[in-house]
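What follows is one structure encoded as structure tokens, with my remarks underneath.
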Amino acid sequence: MTLRFRAGAASDVGLVRDHNEDAYLVDDGLGLVAVADGMGGHRAGEVASTAALDALRIAFGAGAPIDDAVAAANDIVFEQSVADRNLRGMGTTLTAGALGIDGTLLIGHVGDSRAYLLRDGALERITTDHSLVEELIQSGELTEEEAERDHRRSQITRALGLEPGVQVDLETIDLRPGDRVMLCSDGLTTMVREDAITEILGDGTSAEDAARRLVESANEAGGVDNTTVVVIDIEDDGAPTDDDTGSTAAAAADESAEEATEPSQAAATDEAGDEGSGRRRRLFGRGK
């Protein structure tokens with residue numbers, strides 16, 4: 001059985017930030033979708049997220065596997081950061097999905113943007129956040145509820161563009177017709193609980209309407225960050241359709257990324273020890 005996807009996307013600057021450093025990609029020709037959440041201050045985050053998606057699409061279109069394409073995006077963002085002092089320290093998360101001819105969705109992931117699968121009314125998180133609080137949850141030092149209020153939740157342990165190489169998580173979803181996949185920046189998941197996300201994704205509206213409603217929900221909850229959502233409906237390729245809503249678009253969400261003209265606020269880095277483990281983690285604070 002051959003599958004196809006029908007995607008909808010929405011993004012908003014939110015109610016607190018003065019510009020949007022998120023970006024998204026939907027390319028039905030390549031079967032490629034992605035969300036990136038840039039960081040770096042003074043619009044450098046916009047440059048990072050847009051550059052990452054451009055590089056991702058070029059590498060994947062040239063035949064690179066999705067994880068290698070994400071790694072190639074890291075190299076491009078890092079090279080731009082080193083070459084331009086106004087962009088020093090910029091970086092971005094990147095969560096990308098590639099539809100395979102065998103009915104799988106391969107997810108390449110770095111950072112704390114997320115991928116979810118809604119199947120038969122149940123929502124499953126596919127990716128693992130590369131963040132300090134996620135490590136503390138996994139070690140049992142924080143509960144999920146405590147993590148929602150923890151002041152360290154913005155500290156991520158892995159991002160594109162901050163170092164010359166990056167480890168890319170690779171996840172595989174065996175898709176079925178009727179599945180709904182969502183990629184999102186943390187502007188959604190820090191403002192809207194998963195039970196509310198499940199309700200919106202499962203209410204039978206189109207992918208585009210679901211993405212829009214999720215972004216609106218984040219703003220209604222306070223909108224403290226940029227929010228970007230891509231919703232992908234999985235269909236049998238022979239299924240009838242009312243219209244062709246697939247699109248090919250790589251967009252810096254809400255505003256075009258522009259070259260920074262003043263020195264950017266570099267994403268801060270700290271060496272933080274894990275108490276009791278003897279391990280150390282390099283933490284990247286968002287410079288938005």
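Following the order of the structure tokens, first chain is A, next is B, and so on, with residues numbered from 1 inside each chain and ligands from 1 in the order they appear.
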
Kindly assemble as a Markdown table a list of the range 187-210 of chain A residues that lie within 12 Å of range 230-238 of chain A, each paired with its nearest atom pair and their distance in Å to one decimal, using only C-alpha atoms, sorted first by chain and then by ascending residue number.
```
| residue | atom | partner | partner_atom | distance |
| --- | --- | --- | --- | --- |
| A:Leu188 | CA | A:Val230 | CA | 11.2 |
| A:Ile197 | CA | A:Val231 | CA | 11.5 |
| A:Ile200 | CA | A:Val231 | CA | 11.1 |
| A:Leu201 | CA | A:Val231 | CA | 8.4 |
| A:Gly202 | CA | A:Asp233 | CA | 11.2 |
| A:Gly204 | CA | A:Asp233 | CA | 10.8 |
| A:Thr205 | CA | A:Asp233 | CA | 10.7 |
| A:Ser206 | CA | A:Asp233 | CA | 8.4 |
| A:Ala207 | CA | A:Val231 | CA | 5.2 |
| A:Glu208 | CA | A:Val231 | CA | 7.1 |
| A:Asp209 | CA | A:Val231 | CA | 9.2 |
| A:Ala210 | CA | A:Val231 | CA | 7.2 |
```

**Study point:** alpha helix (DSSP H) positions in range 100-232 of chain A, given as a PyMOL selection string
**Key:** chain A and resi 132-138+144-149+186-189+194-201+207-220

Exercise for review: Fewer than 6 positions away in the same chain doesn't count, so skip those; otherwise give me all residues within 10 Å of range 61-64 of chain A, counting only C-alpha atoms, as a VMD selection string.
Suggested key: chain A and resid 29 to 32 55 70 to 72

Kindly export the residues of the current selection with N, CA and C atoms, as a PDB file, in the first residue's frame.
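Output below, filename part26.pdb:
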```pdb
ATOM      1  N   GLY A  29       6.439  17.162  -2.534  1.00  0.00           N
ATOM      2  CA  GLY A  29       7.185  16.517  -3.606  1.00  0.00           C
ATOM      3  C   GLY A  29       8.275  15.602  -3.088  1.00  0.00           C
ATOM      4  N   LEU A  30       8.951  16.041  -2.039  1.00  0.00           N
ATOM      5  CA  LEU A  30       9.998  15.230  -1.408  1.00  0.00           C
ATOM      6  C   LEU A  30       9.444  14.345  -0.301  1.00  0.00           C
ATOM      7  N   GLY A  31       8.206  14.574   0.115  1.00  0.00           N
ATOM      8  CA  GLY A  31       7.677  13.868   1.279  1.00  0.00           C
ATOM      9  C   GLY A  31       8.405  14.277   2.542  1.00  0.00           C
ATOM     10  N   LEU A  32       8.638  15.580   2.693  1.00  0.00           N
ATOM     11  CA  LEU A  32       9.492  16.088   3.761  1.00  0.00           C
ATOM     12  C   LEU A  32       8.776  17.198   4.524  1.00  0.00           C
ATOM     13  N   ALA A  55      19.063  24.038   4.066  1.00  0.00           N
ATOM     14  CA  ALA A  55      20.112  23.020   3.935  1.00  0.00           C
ATOM     15  C   ALA A  55      19.529  21.614   4.030  1.00  0.00           C
ATOM     16  N   VAL A  70      19.946  16.211   8.342  1.00  0.00           N
ATOM     17  CA  VAL A  70      19.936  17.063   9.536  1.00  0.00           C
ATOM     18  C   VAL A  70      21.363  17.429   9.934  1.00  0.00           C
ATOM     19  N   ALA A  71      22.280  16.469   9.858  1.00  0.00           N
ATOM     20  CA  ALA A  71      23.681  16.752  10.170  1.00  0.00           C
ATOM     21  C   ALA A  71      24.263  17.766   9.189  1.00  0.00           C
ATOM     22  N   ALA A  72      23.877  17.680   7.925  1.00  0.00           N
ATOM     23  CA  ALA A  72      24.343  18.651   6.936  1.00  0.00           C
ATOM     24  C   ALA A  72      23.819  20.046   7.263  1.00  0.00           C
TER      25      ALA A  72
END
```

Practice item. Write out as a ChimeraX atom specification which residues come within 9 Å of range 9-13 of chain A when counting only C-alpha atoms, dropping same-chain ones fewer than 2 positions away. Key: /A:7,15-26,207-216,219,223-232,253-255

Practice item. Select, from A:Asp102, A:Asp67, A:Asp75, A:Asp120, the residue with the minimum atom-to-atom distance to Ala48 in chain A, counting only C-alpha atoms. Key: A:Asp75

Neighbouring residues of Leu123 in chain A were defined as those with any atom within 12 Å, considering only C-alpha atoms; residues of the same chain fewer than 3 positions away were excluded. Please report them as a PDB file with C-alpha atoms, in the first residue's frame.
```pdb
ATOM      1  CA  ALA A 115       7.066  14.899  16.986  1.00  0.00           C
ATOM      2  CA  TYR A 116       3.824  13.201  18.059  1.00  0.00           C
ATOM      3  CA  LEU A 117       1.659  10.443  16.595  1.00  0.00           C
ATOM      4  CA  LEU A 118      -2.118  10.385  17.041  1.00  0.00           C
ATOM      5  CA  ARG A 119      -3.504   6.912  16.319  1.00  0.00           C
ATOM      6  CA  ASP A 120      -6.942   5.597  17.266  1.00  0.00           C
ATOM      7  CA  ILE A 126       7.878  10.065  19.342  1.00  0.00           C
ATOM      8  CA  ASP A 179      -2.686   8.374  11.398  1.00  0.00           C
ATOM      9  CA  ARG A 180      -2.092  12.008  12.236  1.00  0.00           C
ATOM     10  CA  VAL A 181       1.450  13.217  12.930  1.00  0.00           C
ATOM     11  CA  MET A 182       2.301  16.546  14.519  1.00  0.00           C
ATOM     12  CA  ARG A 193      -1.171  20.243  27.961  1.00  0.00           C
ATOM     13  CA  GLU A 194      -1.079  16.992  26.003  1.00  0.00           C
ATOM     14  CA  ASP A 195      -4.701  16.116  26.795  1.00  0.00           C
ATOM     15  CA  ALA A 196      -5.811  19.379  25.174  1.00  0.00           C
ATOM     16  CA  ILE A 197      -3.521  18.725  22.190  1.00  0.00           C
ATOM     17  CA  THR A 198      -5.067  15.263  21.832  1.00  0.00           C
ATOM     18  CA  GLU A 199      -8.574  16.717  21.841  1.00  0.00           C
ATOM     19  CA  ILE A 200      -7.792  19.268  19.127  1.00  0.00           C
ATOM     20  CA  LEU A 201      -5.918  16.801  16.925  1.00  0.00           C
ATOM     21  CA  GLY A 202      -8.694  14.239  17.245  1.00  0.00           C
TER      22      GLY A 202
END
```

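Proximity of A:Leu53, A:Leu99, A:Val192, A:Val77 to Gly40 in chain A, computed with only C-alpha atoms, is greatest for A:Val77.
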
Exercise for review: Name all residues at most 9 Å from Asp169 in chain A (count only C-alpha atoms; drop same-chain ones fewer than 4 positions away) and give them as a VMD selection string.
Suggested key: chain A and resid 67 107 to 110 127 to 128

**Study point:** Atom pair CA of Ile156 in chain A / CA of His130 in chain A: separation (Å)
**Key:**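 Going from CA of Ile156 in chain A over to CA of His130 in chain A, I get 5.7 Å.
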
What lies within 7 Å of Leu94 in chain A using only C-alpha atoms, ignoring chain neighbours under 4 positions off, as an mmCIF file with N, CA and C atoms, in the first residue's frame?
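Once written, around.cif looks like this:
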```
data_model
loop_
_atom_site.group_PDB
_atom_site.id
_atom_site.type_symbol
_atom_site.label_atom_id
_atom_site.label_comp_id
_atom_site.auth_asym_id
_atom_site.auth_seq_id
_atom_site.Cartn_x
_atom_site.Cartn_y
_atom_site.Cartn_z
ATOM 1 N N ALA A 34 9.220 19.625 8.388
ATOM 2 C CA ALA A 34 10.155 19.941 9.461
ATOM 3 C C ALA A 34 9.705 21.178 10.216
ATOM 4 N N VAL A 35 10.149 21.264 11.460
ATOM 5 C CA VAL A 35 9.980 22.448 12.301
ATOM 6 C C VAL A 35 11.331 22.775 12.916
ATOM 7 N N ALA A 36 11.677 24.067 12.924
ATOM 8 C CA ALA A 36 12.931 24.529 13.531
ATOM 9 C C ALA A 36 12.639 25.714 14.426
ATOM 10 N N ASP A 37 13.294 25.770 15.553
ATOM 11 C CA ASP A 37 13.112 26.841 16.545
ATOM 12 C C ASP A 37 14.474 27.468 16.792
ATOM 13 N N HIS A 109 15.965 14.213 14.566
ATOM 14 C CA HIS A 109 15.593 15.113 15.655
ATOM 15 C C HIS A 109 16.802 15.583 16.447
ATOM 16 N N VAL A 110 16.844 16.907 16.673
ATOM 17 C CA VAL A 110 17.839 17.521 17.555
ATOM 18 C C VAL A 110 17.154 18.669 18.289
ATOM 19 N N GLY A 111 17.221 18.687 19.620
ATOM 20 C CA GLY A 111 16.680 19.788 20.391
ATOM 21 C C GLY A 111 15.409 19.433 21.127
ATOM 22 N N SER A 113 12.134 20.722 20.091
ATOM 23 C CA SER A 113 10.904 20.622 19.316
ATOM 24 C C SER A 113 10.490 19.147 19.339
#
```

Point to revise | Residue among A:Arg114, A:Arg6, A:Arg158, A:Arg176 lying closest to Thr190 in chain A, counting only C-alpha atoms | key: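 Nearest to Thr190 in chain A: A:Arg114.
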
Practice item. State, in Å with one decimal place, the distance from CA of Gly222 in chain A to CA of Asp112 in chain A. Key: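 Computing it gives 19.6 Å between the two atoms.
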
Check your understanding: So, counting only C-alpha atoms, which residue among A:Arg57, A:Ser217, A:Arg88, A:Phe78 is closest to Gly41 in chain A?
Key ->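 Counting only C-alpha atoms, the residue closest to Gly41 in chain A is A:Arg88.
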
Practice item. Counting only C-alpha atoms, figure out which residue out of A:Phe60, A:Glu124, A:Met191, A:Thr50 gets nearest to Glu220 in chain A. Key: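 That would be A:Met191, the residue with the smallest distance to Glu220 in chain A.
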